[in-house]
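What follows is the content of protein_0.cif (mmCIF, C-alpha atoms).
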```cif
data_query
#
loop_
_atom_site.label_atom_id
_atom_site.label_comp_id
_atom_site.auth_asym_id
_atom_site.auth_seq_id
_atom_site.Cartn_x
_atom_site.Cartn_y
_atom_site.Cartn_z
CA MET A 1 57.86 61.87 146.33
CA ARG A 2 58.09 64.83 148.68
CA LYS A 3 61.89 64.99 148.26
CA LYS A 4 61.43 64.90 144.51
CA ASN A 5 59.03 67.84 144.66
CA ILE A 6 61.43 69.79 146.86
CA PHE A 7 64.26 69.21 144.36
CA LEU A 8 62.03 70.21 141.44
CA ASN A 9 60.83 73.33 143.24
CA SER A 10 64.44 74.25 144.02
CA LEU A 11 65.36 73.99 140.34
CA ILE A 12 62.40 76.17 139.39
CA ILE A 13 63.35 78.77 142.01
CA LEU A 14 67.00 78.70 140.86
CA ALA A 15 65.93 79.13 137.24
CA CYS A 16 63.69 82.05 138.19
CA LEU A 17 66.51 83.67 140.15
CA THR A 18 68.87 83.23 137.18
CA VAL A 19 66.35 84.84 134.84
CA LEU A 20 65.76 87.60 137.38
CA LEU A 21 69.49 88.25 137.82
CA GLY A 22 69.94 88.22 134.04
CA SER A 23 67.08 90.69 133.65
CA LEU A 24 68.48 92.92 136.39
CA LEU A 25 71.93 92.77 134.77
CA ASN A 26 70.47 93.70 131.40
CA ILE A 27 68.57 96.59 132.99
CA PHE A 28 71.82 97.73 134.61
CA LEU A 29 73.71 97.44 131.32
CA ILE A 30 71.03 99.41 129.47
CA THR A 31 70.47 102.14 132.06
CA MET A 32 73.85 102.63 133.77
CA ALA A 33 76.68 100.64 132.16
CA ARG A 34 76.11 101.94 128.62
CA PRO A 35 76.73 105.65 129.42
CA ILE A 36 79.70 104.71 131.67
CA LEU A 37 81.26 102.63 128.89
CA GLN A 38 80.62 105.38 126.34
CA GLU A 39 82.42 107.86 128.60
CA LYS A 40 85.37 105.54 129.19
CA LEU A 41 85.80 104.78 125.48
CA THR A 42 85.54 108.48 124.64
CA VAL A 43 88.42 109.20 127.05
CA ILE A 44 90.55 106.30 125.80
CA LEU A 45 90.02 106.99 122.08
CA LYS A 46 89.94 110.78 122.51
CA ARG A 47 86.87 111.07 120.31
CA LYS A 48 83.10 110.80 120.72
CA VAL A 49 81.78 107.24 121.09
CA GLU A 50 78.15 106.08 120.95
CA ILE A 51 76.77 102.65 121.86
CA GLY A 52 73.44 101.45 120.51
CA SER A 53 72.73 98.73 123.07
CA LEU A 54 74.30 96.44 125.67
CA SER A 55 72.94 92.99 126.44
CA CYS A 56 74.09 90.04 128.50
CA PHE A 57 73.80 86.34 127.70
CA THR A 58 74.72 83.82 130.38
CA LEU A 59 76.97 81.67 128.20
CA LYS A 60 77.90 84.12 125.44
CA GLY A 61 78.92 87.07 127.60
CA ILE A 62 78.15 90.72 126.84
CA SER A 63 77.19 91.96 123.39
CA ILE A 64 77.74 95.59 122.32
CA LYS A 65 75.78 96.52 119.22
CA ASP A 66 76.11 99.55 116.95
CA LEU A 67 79.33 100.96 118.38
CA VAL A 68 79.89 104.27 116.55
CA ILE A 69 83.14 106.25 116.71
CA TRP A 70 82.99 109.83 115.47
CA ASN A 71 85.71 111.75 113.68
CA VAL A 72 87.95 113.94 115.83
CA THR A 73 86.04 117.14 115.05
CA ASN A 74 82.69 115.52 115.97
CA GLU A 75 81.23 116.44 112.60
CA HIS A 76 80.01 112.97 111.63
CA PRO A 77 80.37 109.26 112.51
CA LEU A 78 83.46 107.67 111.00
CA TYR A 79 83.53 104.02 112.13
CA HIS A 80 80.47 101.86 112.75
CA PHE A 81 80.91 98.42 114.30
CA LYS A 82 77.87 96.18 114.03
CA GLU A 83 78.65 94.02 117.03
CA LEU A 84 81.35 93.53 119.65
CA LYS A 85 81.11 90.37 121.76
CA ILE A 86 82.89 90.45 125.12
CA ARG A 87 83.38 87.36 127.24
CA PRO A 88 84.70 88.54 130.61
CA SER A 89 86.87 86.27 132.74
CA VAL A 90 85.66 86.42 136.38
CA LYS A 91 89.07 85.17 137.52
CA ALA A 92 90.85 87.95 135.60
CA LEU A 93 88.49 90.61 136.94
CA ILE A 94 88.85 89.55 140.60
CA PHE A 95 92.50 88.55 140.85
CA GLU A 96 94.23 90.36 137.97
CA LYS A 97 91.91 93.38 137.77
CA LYS A 98 91.88 92.93 133.99
CA LEU A 99 89.11 92.58 131.45
CA ARG A 100 89.83 89.79 128.99
CA PHE A 101 87.63 89.54 125.94
CA ASN A 102 87.18 87.77 122.66
CA SER A 103 85.58 89.91 119.99
CA GLU A 104 84.32 89.82 116.43
CA LEU A 105 84.02 93.21 114.74
CA SER A 106 82.31 94.06 111.46
CA PRO A 107 82.87 97.72 110.57
CA THR A 108 80.42 98.89 107.95
CA LYS A 109 81.46 102.30 106.64
CA ASN A 110 84.88 102.99 105.16
CA PHE A 111 86.64 99.94 106.59
CA LYS A 112 84.75 96.74 105.90
CA ALA A 113 87.35 94.15 106.86
CA GLN A 114 86.46 91.26 109.14
CA ILE A 115 88.29 91.49 112.47
CA ASN A 116 88.67 88.83 115.16
CA ALA A 117 90.38 90.01 118.36
CA LEU A 118 91.47 88.63 121.72
CA GLY A 119 92.71 91.08 124.31
CA SER A 120 92.81 92.45 127.83
CA TYR A 121 92.43 95.81 129.54
CA ASN A 122 94.09 96.72 132.84
CA PHE A 123 91.89 99.24 134.64
CA LYS A 124 94.67 100.19 137.07
CA THR A 125 97.33 101.06 134.50
CA SER A 126 95.02 101.84 131.50
CA ASP A 127 96.95 99.28 129.47
CA LEU A 128 95.07 97.85 126.47
CA SER A 129 96.56 94.82 124.68
CA ILE A 130 94.94 93.10 121.71
CA LYS A 131 95.85 90.28 119.34
CA PHE A 132 93.83 90.39 116.14
CA ARG A 133 93.26 88.84 112.74
CA LEU A 134 92.19 90.88 109.70
CA SER A 135 90.69 89.43 106.55
CA ASN A 136 89.12 90.92 103.41
CA VAL A 137 90.99 94.20 103.96
CA PRO A 138 90.00 96.77 101.27
CA TYR A 139 92.72 97.54 98.68
CA MET A 140 95.08 95.04 100.35
CA GLY A 141 93.76 91.74 99.04
CA ASP A 142 97.19 90.73 97.68
CA LEU A 143 98.52 90.49 101.25
CA GLY A 144 95.94 87.91 102.33
CA THR A 145 94.90 87.49 105.97
CA LEU A 146 96.85 89.73 108.36
CA TYR A 147 97.72 88.91 111.95
CA GLY A 148 98.81 91.52 114.43
CA THR A 149 99.05 92.99 117.88
CA LEU A 150 98.07 96.35 119.32
CA ARG A 151 99.11 97.87 122.63
CA LEU A 152 97.92 101.25 123.98
CA TYR A 153 99.56 102.30 127.25
CA LYS A 154 100.81 105.24 129.29
CA LYS A 155 104.38 106.50 128.92
CA LEU A 156 106.24 106.16 132.21
CA ASP A 157 109.19 108.17 133.57
CA LEU A 158 108.08 111.42 131.96
CA GLU A 159 110.46 114.36 131.97
CA LYS A 160 109.37 117.46 133.90
CA TYR A 161 108.48 119.31 130.73
CA GLU A 162 106.52 116.41 129.19
CA LEU A 163 102.75 116.24 129.21
CA PRO A 164 100.98 112.91 129.88
CA THR A 165 101.57 110.82 126.76
CA ASP A 166 100.02 107.60 125.47
CA LEU A 167 102.12 105.15 123.46
CA LEU A 168 100.72 103.03 120.63
CA ASP A 169 102.53 99.99 119.22
CA ILE A 170 101.11 98.00 116.30
CA THR A 171 102.46 94.99 114.39
CA PHE A 172 101.20 93.29 111.22
CA THR A 173 102.38 89.90 110.00
CA SER A 174 101.55 87.53 107.15
CA PRO A 175 103.61 85.39 104.75
CA LYS A 176 103.87 88.52 102.58
CA LEU A 177 104.27 91.23 105.21
CA LEU A 178 106.17 92.12 108.38
CA LEU A 179 105.53 95.62 109.70
CA VAL A 180 106.05 97.40 113.01
CA ALA A 181 104.68 100.86 113.90
CA LYS A 182 105.67 102.66 117.10
CA SER A 183 104.08 106.00 117.90
CA SER A 184 103.11 108.44 120.63
CA ILE A 185 99.76 110.18 121.10
CA ILE A 186 99.92 113.84 122.11
CA ASN A 187 97.49 116.74 122.40
CA ASN A 188 98.68 119.62 120.26
CA GLN A 189 96.62 122.79 120.77
CA GLY A 190 93.47 120.78 121.35
CA LYS A 191 94.09 118.39 118.44
CA THR A 192 95.06 114.77 118.92
CA GLU A 193 98.18 113.80 116.98
CA ILE A 194 99.81 110.40 116.60
CA ARG A 195 103.45 110.62 115.53
CA GLY A 196 105.79 107.72 114.99
CA LYS A 197 107.79 105.51 112.66
CA ILE A 198 107.06 102.51 110.48
CA ILE A 199 109.67 99.80 109.97
CA ALA A 200 108.91 96.91 107.63
CA PRO A 201 111.57 94.32 106.69
CA PHE A 202 109.47 93.29 103.70
CA ILE A 203 106.18 93.76 101.85
CA LYS A 204 105.55 91.41 98.91
CA THR A 205 102.65 91.24 96.48
CA ASP A 206 102.20 89.64 93.06
CA LYS A 207 103.22 92.95 91.46
CA TYR A 208 105.78 94.56 93.78
CA GLN A 209 108.43 93.74 96.32
CA PHE A 210 109.70 96.24 98.92
CA ASN A 211 112.45 95.53 101.46
CA ASN A 212 113.80 97.44 104.47
CA ILE A 213 111.04 100.05 104.52
CA ASN A 214 111.47 102.99 106.86
CA SER A 215 109.08 105.93 107.18
CA ASP A 216 107.88 108.68 109.49
CA ILE A 217 104.10 108.90 109.95
CA THR A 218 101.74 111.44 111.47
CA LEU A 219 98.01 111.09 112.05
CA VAL A 220 96.44 114.51 112.66
CA GLY A 221 92.78 113.97 113.34
CA ASP A 222 91.89 111.48 110.62
CA LYS A 223 94.49 112.68 108.11
CA LEU A 224 97.49 110.39 107.67
CA TYR A 225 100.80 111.85 106.45
CA ILE A 226 103.70 109.67 105.29
CA TYR A 227 107.09 111.42 105.31
CA HIS A 228 110.46 110.37 103.89
CA LEU A 229 109.47 106.80 103.13
CA SER A 230 112.49 104.91 101.82
CA SER A 231 112.72 101.32 100.66
CA GLU A 232 114.81 98.92 98.64
CA PHE A 233 112.86 98.23 95.45
CA HIS A 234 114.10 95.51 93.09
CA LYS A 235 117.78 96.32 93.76
CA GLY A 236 117.04 100.06 93.50
CA ILE A 237 115.64 102.68 95.85
CA PHE A 238 112.00 103.77 96.21
CA GLN A 239 111.23 107.06 97.99
CA MET A 240 107.84 108.63 98.68
CA ASP A 241 105.94 111.32 100.52
CA GLY A 242 102.17 110.88 100.75
CA TYR A 243 98.88 111.91 102.30
CA ILE A 244 95.55 110.08 102.89
CA ASP A 245 92.37 111.61 104.30
CA LEU A 246 90.78 108.78 106.30
CA ASP A 247 87.85 111.02 107.28
CA ASN A 248 86.03 109.95 104.14
CA PRO A 249 84.30 106.76 102.92
CA ILE A 250 86.40 107.06 99.73
CA PRO A 251 89.75 108.35 101.04
CA PRO A 252 91.42 111.09 98.93
CA PHE A 253 95.20 110.77 98.61
CA SER A 254 98.26 112.26 96.97
CA ILE A 255 101.79 110.92 96.53
CA ASN A 256 105.12 112.08 95.17
CA ALA A 257 107.39 109.10 94.50
CA ASN A 258 110.82 108.48 92.97
CA VAL A 259 112.43 105.27 91.74
CA ASN A 260 116.21 105.23 91.41
CA ASN A 261 118.36 102.54 89.74
CA MET A 262 115.70 99.84 89.77
CA ASP A 263 116.84 96.60 88.12
CA VAL A 264 114.37 95.94 85.29
CA TYR A 265 115.34 92.26 85.04
CA ASP A 266 114.72 91.68 88.75
CA PHE A 267 111.37 93.50 88.47
CA SER A 268 110.33 91.46 85.42
CA THR A 269 111.12 88.11 87.04
CA ASN A 270 109.30 88.95 90.31
CA SER A 271 106.27 90.82 88.94
CA THR A 272 103.20 89.78 86.98
CA PHE A 273 103.32 93.18 85.22
CA VAL A 274 106.08 92.00 82.87
CA LYS A 275 105.86 88.43 81.55
CA LYS A 276 109.11 88.34 79.57
CA ASP A 277 112.69 88.68 80.70
CA VAL A 278 114.00 92.17 80.03
CA SER A 279 116.87 94.12 81.53
CA GLY A 280 118.13 97.62 82.20
CA ILE A 281 118.25 100.28 84.90
CA CYS A 282 115.10 102.34 85.54
CA ASN A 283 114.70 105.81 87.03
CA ALA A 284 111.25 107.37 87.39
CA ASN A 285 109.17 110.00 89.12
CA ILE A 286 105.41 110.04 89.62
CA LYS A 287 103.08 112.64 91.11
CA LEU A 288 99.59 111.29 91.60
CA LYS A 289 96.40 112.31 93.39
CA GLY A 290 92.84 111.04 93.49
CA ALA A 291 90.59 108.83 95.64
CA ILE A 292 91.46 105.27 96.60
CA GLY A 293 89.52 102.78 94.50
CA VAL A 294 88.12 105.41 92.08
CA THR A 295 90.25 105.19 88.96
CA ASN A 296 88.54 108.00 87.05
CA SER A 297 89.55 110.41 89.84
CA LEU A 298 93.28 109.82 89.26
CA LEU A 299 95.35 112.75 88.02
CA GLY A 300 99.07 112.62 87.68
CA LYS A 301 102.32 113.14 85.84
CA SER A 302 105.13 110.67 85.41
CA TRP A 303 108.59 110.61 83.88
CA ILE A 304 110.51 107.41 83.18
CA GLU A 305 113.97 106.55 81.89
CA ILE A 306 115.44 103.10 81.23
CA LYS A 307 119.14 102.82 80.35
CA ASN A 308 121.44 100.04 79.16
CA ALA A 309 118.39 97.97 78.44
CA ASN A 310 117.14 94.91 76.61
CA LEU A 311 113.53 95.82 75.80
CA TRP A 312 111.95 93.87 73.02
CA GLU A 313 109.92 90.95 74.32
CA ALA A 314 106.53 92.58 73.73
CA GLY A 315 103.86 91.67 71.19
CA ILE A 316 103.36 95.28 70.19
CA PHE A 317 106.86 95.50 68.68
CA LYS A 318 106.46 92.25 66.79
CA GLY A 319 103.19 93.60 65.43
CA ILE A 320 105.07 96.60 64.04
CA ALA A 321 107.57 94.25 62.40
CA THR A 322 104.75 92.34 60.74
CA ALA A 323 103.02 95.54 59.57
CA LEU A 324 106.24 96.77 57.93
CA PHE A 325 107.14 93.37 56.46
CA ILE A 326 110.56 93.48 58.15
CA PRO A 327 111.29 90.05 59.70
CA LYS A 328 114.54 91.14 61.38
CA LEU A 329 112.68 93.90 63.21
CA GLU A 330 111.59 91.27 65.73
CA GLU A 331 115.24 90.82 66.73
CA VAL A 332 115.93 94.49 67.42
CA VAL A 333 116.93 95.25 71.01
CA PHE A 334 116.10 98.69 72.44
CA THR A 335 118.86 99.95 74.69
CA ASP A 336 117.20 103.13 75.98
CA ALA A 337 113.68 104.39 76.67
CA PHE A 338 112.58 107.74 78.08
CA GLY A 339 109.66 110.14 78.17
CA ALA A 340 106.80 111.68 80.13
CA PHE A 341 103.22 110.55 80.77
CA GLN A 342 100.03 112.18 81.97
CA ILE A 343 97.33 110.27 83.85
CA LYS A 344 93.70 111.40 83.70
CA ASN A 345 90.21 110.10 82.88
CA ASN A 346 91.33 106.46 83.15
CA TYR A 347 94.06 106.95 80.53
CA PHE A 348 97.83 107.27 80.21
CA TYR A 349 98.83 109.93 77.68
CA THR A 350 102.21 110.68 76.10
CA ASP A 351 103.35 113.09 73.41
CA ASN A 352 106.97 112.08 73.03
CA PHE A 353 108.06 108.74 74.49
CA LYS A 354 111.17 107.36 72.77
CA LEU A 355 112.62 103.90 72.33
CA VAL A 356 116.16 103.80 70.92
CA SER A 357 118.25 100.97 69.47
CA ASN A 358 121.33 100.80 67.27
CA GLU A 359 119.16 100.08 64.24
CA MET A 360 116.07 102.25 64.77
CA GLU A 361 114.18 104.79 66.87
CA LEU A 362 110.50 104.84 67.82
CA VAL A 363 108.66 107.94 69.02
CA ILE A 364 105.27 107.16 70.57
CA LYS A 365 102.36 109.61 70.82
CA GLY A 366 98.91 108.58 72.00
CA SER A 367 96.94 107.02 74.84
CA LEU A 368 96.46 103.75 76.69
CA SER A 369 93.40 103.20 78.89
CA PHE A 370 93.38 101.39 82.23
CA ASP A 371 91.47 98.57 80.51
CA ASN A 372 94.16 98.19 77.79
CA ILE A 373 92.56 100.16 74.94
CA ILE A 374 95.28 101.79 72.85
CA ASP A 375 95.16 104.65 70.36
CA ALA A 376 98.69 105.67 69.42
CA ALA A 377 100.92 106.59 66.52
CA ILE A 378 104.54 105.46 66.41
CA LYS A 379 106.97 107.41 64.25
CA ILE A 380 109.78 105.22 62.97
CA ARG A 381 113.36 105.97 61.93
CA LEU A 382 115.25 103.01 60.41
CA LYS A 383 118.74 102.13 59.24
CA LYS A 384 119.37 101.16 55.63
CA GLU A 385 119.89 97.48 56.47
CA LEU A 386 116.42 97.15 58.01
CA ILE A 387 114.73 99.06 55.18
CA GLN A 388 116.23 96.65 52.63
CA GLU A 389 114.76 93.72 54.58
CA SER A 390 111.24 94.95 53.84
CA THR A 391 109.65 93.47 50.72
CA TRP A 392 108.05 96.78 49.80
CA LEU A 393 110.21 99.44 51.45
CA SER A 394 113.31 98.07 49.69
CA LYS A 395 111.81 99.08 46.35
CA ILE A 396 112.04 102.76 47.29
CA SER A 397 115.01 102.52 49.67
CA SER A 398 117.26 104.65 47.44
CA ILE A 399 114.69 107.45 47.43
CA LEU A 400 114.18 107.11 51.19
CA LEU A 401 117.86 107.36 51.96
CA GLU A 402 118.66 110.08 49.43
CA SER A 403 115.59 112.26 49.79
CA ALA A 404 114.16 111.72 53.23
CA GLY A 405 117.01 110.46 55.36
CA TRP A 406 115.95 107.54 57.55
CA PHE A 407 112.52 108.71 58.55
CA ILE A 408 109.91 106.62 56.76
CA GLY A 409 106.59 107.38 58.47
CA SER A 410 104.45 106.00 61.27
CA VAL A 411 102.41 103.01 62.33
CA LYS A 412 98.97 103.59 63.86
CA ILE A 413 98.01 101.20 66.68
CA THR A 414 94.37 100.90 67.80
CA GLY A 415 92.13 98.43 69.60
CA ASN A 416 92.90 96.26 72.60
CA MET A 417 96.51 95.64 73.62
CA ASP A 418 95.81 91.91 73.67
CA ASP A 419 95.00 92.00 69.95
CA PRO A 420 95.94 95.43 68.51
CA VAL A 421 95.36 96.59 64.93
CA PHE A 422 98.37 98.03 63.05
CA THR A 423 97.97 100.48 60.15
CA VAL A 424 101.00 101.78 58.24
CA ASN A 425 100.84 105.50 57.53
CA PRO A 426 103.75 106.32 55.16
CA LEU A 427 104.10 110.00 55.99
CA GLY A 428 107.73 109.76 55.04
CA VAL A 429 106.79 108.61 51.55
CA GLY A 430 104.67 111.73 51.16
CA ASN A 431 107.68 113.81 52.14
CA ILE A 432 109.76 111.89 49.60
CA PHE A 433 107.37 112.64 46.75
CA ASP A 434 107.32 116.29 47.75
CA LYS A 435 111.12 116.43 47.75
CA VAL A 436 111.32 114.55 44.42
CA LYS A 437 108.93 117.07 42.88
CA LYS A 438 111.02 119.96 44.17
CA ALA A 439 114.17 118.32 42.74
CA ILE A 440 112.52 117.88 39.33
CA ASP A 441 111.33 121.50 39.37
CA LYS A 442 114.88 122.62 40.20
CA VAL A 443 116.30 120.63 37.25
CA ARG A 444 113.73 122.18 34.95
CA ASP A 445 114.77 125.64 36.04
CA ILE A 446 118.43 124.85 35.29
CA LEU A 447 117.61 123.51 31.80
CA LYS A 448 115.66 126.59 30.84
#
```
Represent the supplied structure as C-alpha cells.
Amino acid sequence: MRKKNIFLNSLIILACLTVLLGSLLNIFLITMARPILQEKLTVILKRKVEIGSLSCFTLKGISIKDLVIWNVTNEHPLYHFKELKIRPSVKALIFEKKLRFNSELSPTKNFKAQINALGSYNFKTSDLSIKFRLSNVPYMGDLGTLYGTLRLYKKLDLEKYELPTDLLDITFTSPKLLLVAKSSIINNQGKTEIRGKIIAPFIKTDKYQFNNINSDITLVGDKLYIYHLSSEFHKGIFQMDGYIDLDNPIPPFSINANVNNMDVYDFSTNSTFVKKDVSGICNANIKLKGAIGVTNSLLGKSWIEIKNANLWEAGIFKGIATALFIPKLEEVVFTDAFGAFQIKNNYFYTDNFKLVSNEMELVIKGSLSFDNIIDAAIKIRLKKELIQESTWLSKISSILLESAGWFIGSVKITGNMDDPVFTVNPLGVGNIFDKVKKAIDKVRDILK
C-alpha cells in the first residue's frame, strides 16, 4: 500500500510540475517571447507586425492569435490572421537549429482564403521555406485549390557594389495552373521594393486559356505593377500592362491589353463564353480601370475587329430573321465585324458596331448590361435577293431598290438576351414615301 501511495504521489507531483512549467512557459511567451517575435517578424517582413497573444499547449504546440501585419507606410493594418498554430520539433531545434511548423491561417481582411502551411526557418542563415495549400481564393475560384512553395533567403556572393539583398521564390500549381515567380527584395530610398519575373507555362479556366506567360513584376509598398506581360492566347498573342493597389480591402486596378490574331474557332471550342462553333481572326484592345469585384466601378474603352469570319450561330440574328419574315436570313454568314465599345455603370455601349456579309450589313447602336439586358437598334442593309424572300418586304421591293437603295430600316431589340423582343422600325420605308412624294411633285412641275 505504501508503494502505491508513493507512486500516486509521484504522479501528482509530476502533474503539478507539468502544469507549473506550462504556466511558466505561458508567462514567458506572454511577457518576453511576444515582443521578441514581433521584432523578428518586423525585420523579416520589413513592416510593422503586432501579435495579440501567445499561448502554449502541451500536445498542440504554440498558438499565435491575432497576428496583424501593417502596410509599408504604417498607416493602417493590412493583413489580419486569426490564428497561427506552430508545432516545434525539439529535434530540429537542437540538432538542425531550425524551427519546423505546421500552420493554419485564416486572414480576415482583404484576403480571406484558407491557408494550410508546413515549413521551416533556419535561424543561422535566415532561410524561410514553406509549402502551402490555398483554397477559396477570392476572384480565382475557377483555378480551384492551389498548392505552392515559398522560399525567402539571403543572396550570397554579393558584388562589392551590391547592398544586402533578400531573394523570394514562389510557385503555384494546380491542374489548371503552373506558375513560377522569382524576385529580389531591395531597399530603394527607404522603400521596400520586390522586383522579379513571372513565368507560367499555362493558366486555364472555363473561360480562358493562356500559355507560355512571361511578365515583369514590381511590388512597391503594397502596389503591384505588371509590365510587358506576353502570352499565347488561343493561337494568338495577348499583351498587357497593369496595376493593382493591394493596400485596400477592395483593390483598385487598371489594365491596358491587346489581343492579336486570336483564333475565334479555338476560343469558341475552349470557352464557355461562346457555345457555337464560329471562326475568324480577332484583334482587340481594351483599357479598363475600376475595383476588383465591384462591377459598377468599371470604366473602360474597347475596340474589336474580327476578319475572315463565320459569325452567325447566335439566337439574336435568328430573331432578326424571324422579325423580318426572311427565312434565308438565318443562313447568312458574317465575314467581318468591327467597332468600339464603352464600359460604364454595368453596361457595354456602342454607337457604331458593324457586321458585314456578302448579302447584308448590320450596324448596331445601343447597350448591353452585365446581367444580359439589351436595348439596341440594328440598322439593316439588304441585297435584292433577301428582300424578295420576305413575305411583306417583297411587295415594296421595287420601291426600296429604286428609291431608297438597299437600306430598309432598323430592328429594335429589348429585354433579356435569353429571350429578347424584336420590333421592326421601317425607317427606310418612311424615306421611300418621302422620296416618292418628291418624285410625284417633280412630275407635276414638269406637266404644268
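Our summary of the geometry notes that CA of Ala257 (chain A) is positioned 28.5 Å from CA of Ile378 (chain A).
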Under the PyMOL selection byres ((chain A and resi 184) around 7), which residues of this model are included? Write them out as a list in words. Thr165, Asp166, Leu167, Leu168, Ser183, Ile185, Ile186, Ile194, Arg195 and Gly196 of chain A
Give me a file of those residues, with C-alpha atoms, as a PDB file, keeping the file's coordinate frame.
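File result13.pdb, as written:
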```pdb
ATOM      1  CA  THR A 165     101.570 110.820 126.760  1.00  0.00           C
ATOM      2  CA  ASP A 166     100.020 107.600 125.470  1.00  0.00           C
ATOM      3  CA  LEU A 167     102.120 105.150 123.460  1.00  0.00           C
ATOM      4  CA  LEU A 168     100.720 103.030 120.630  1.00  0.00           C
ATOM      5  CA  SER A 183     104.080 106.000 117.900  1.00  0.00           C
ATOM      6  CA  ILE A 185      99.760 110.180 121.100  1.00  0.00           C
ATOM      7  CA  ILE A 186      99.920 113.840 122.110  1.00  0.00           C
ATOM      8  CA  ILE A 194      99.810 110.400 116.600  1.00  0.00           C
ATOM      9  CA  ARG A 195     103.450 110.620 115.530  1.00  0.00           C
ATOM     10  CA  GLY A 196     105.790 107.720 114.990  1.00  0.00           C
TER      11      GLY A 196
END
```
Taking into account only C-alpha atoms, which residue in the set A:Ile51, A:Met140, A:Asn214, A:Lys289 is nearest to Tyr79 (chain A)? A:Ile51
What does the distance from CA of Ser135 (chain A) to CA of Leu229 (chain A) come to in Å, to one decimal? 25.8 Å
Chain and number of each residue from the PyMOL selection byres ((chain A and resi 338) around 12), as number ranges by chain: A: 281-285, 302-309, 334-337, 339-341, 350-356, 361-364
Please tell me which residues are no farther than 7 Å from (103.1, 115.2, 91.5) in the file, counting only C-alpha atoms, and write them as a list in words. Ile255, Asn256, Ile286, Lys287, Leu288, Gly300 and Lys301 of chain A
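You will find CA of Val137 (chain A) at 7.5 Å from CA of Gln114 (chain A).
The residue that comes closest to Phe267 (chain A), out of A:Lys223, A:Lys48, A:Lys207, A:His228 and on the basis of only C-alpha atoms, is A:Lys207.
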Residues selected by the PyMOL selection byres ((chain A and resi 367) around 10), written as number ranges by chain: A: 341-343, 347-351, 364-366, 368-370, 372-377, 414
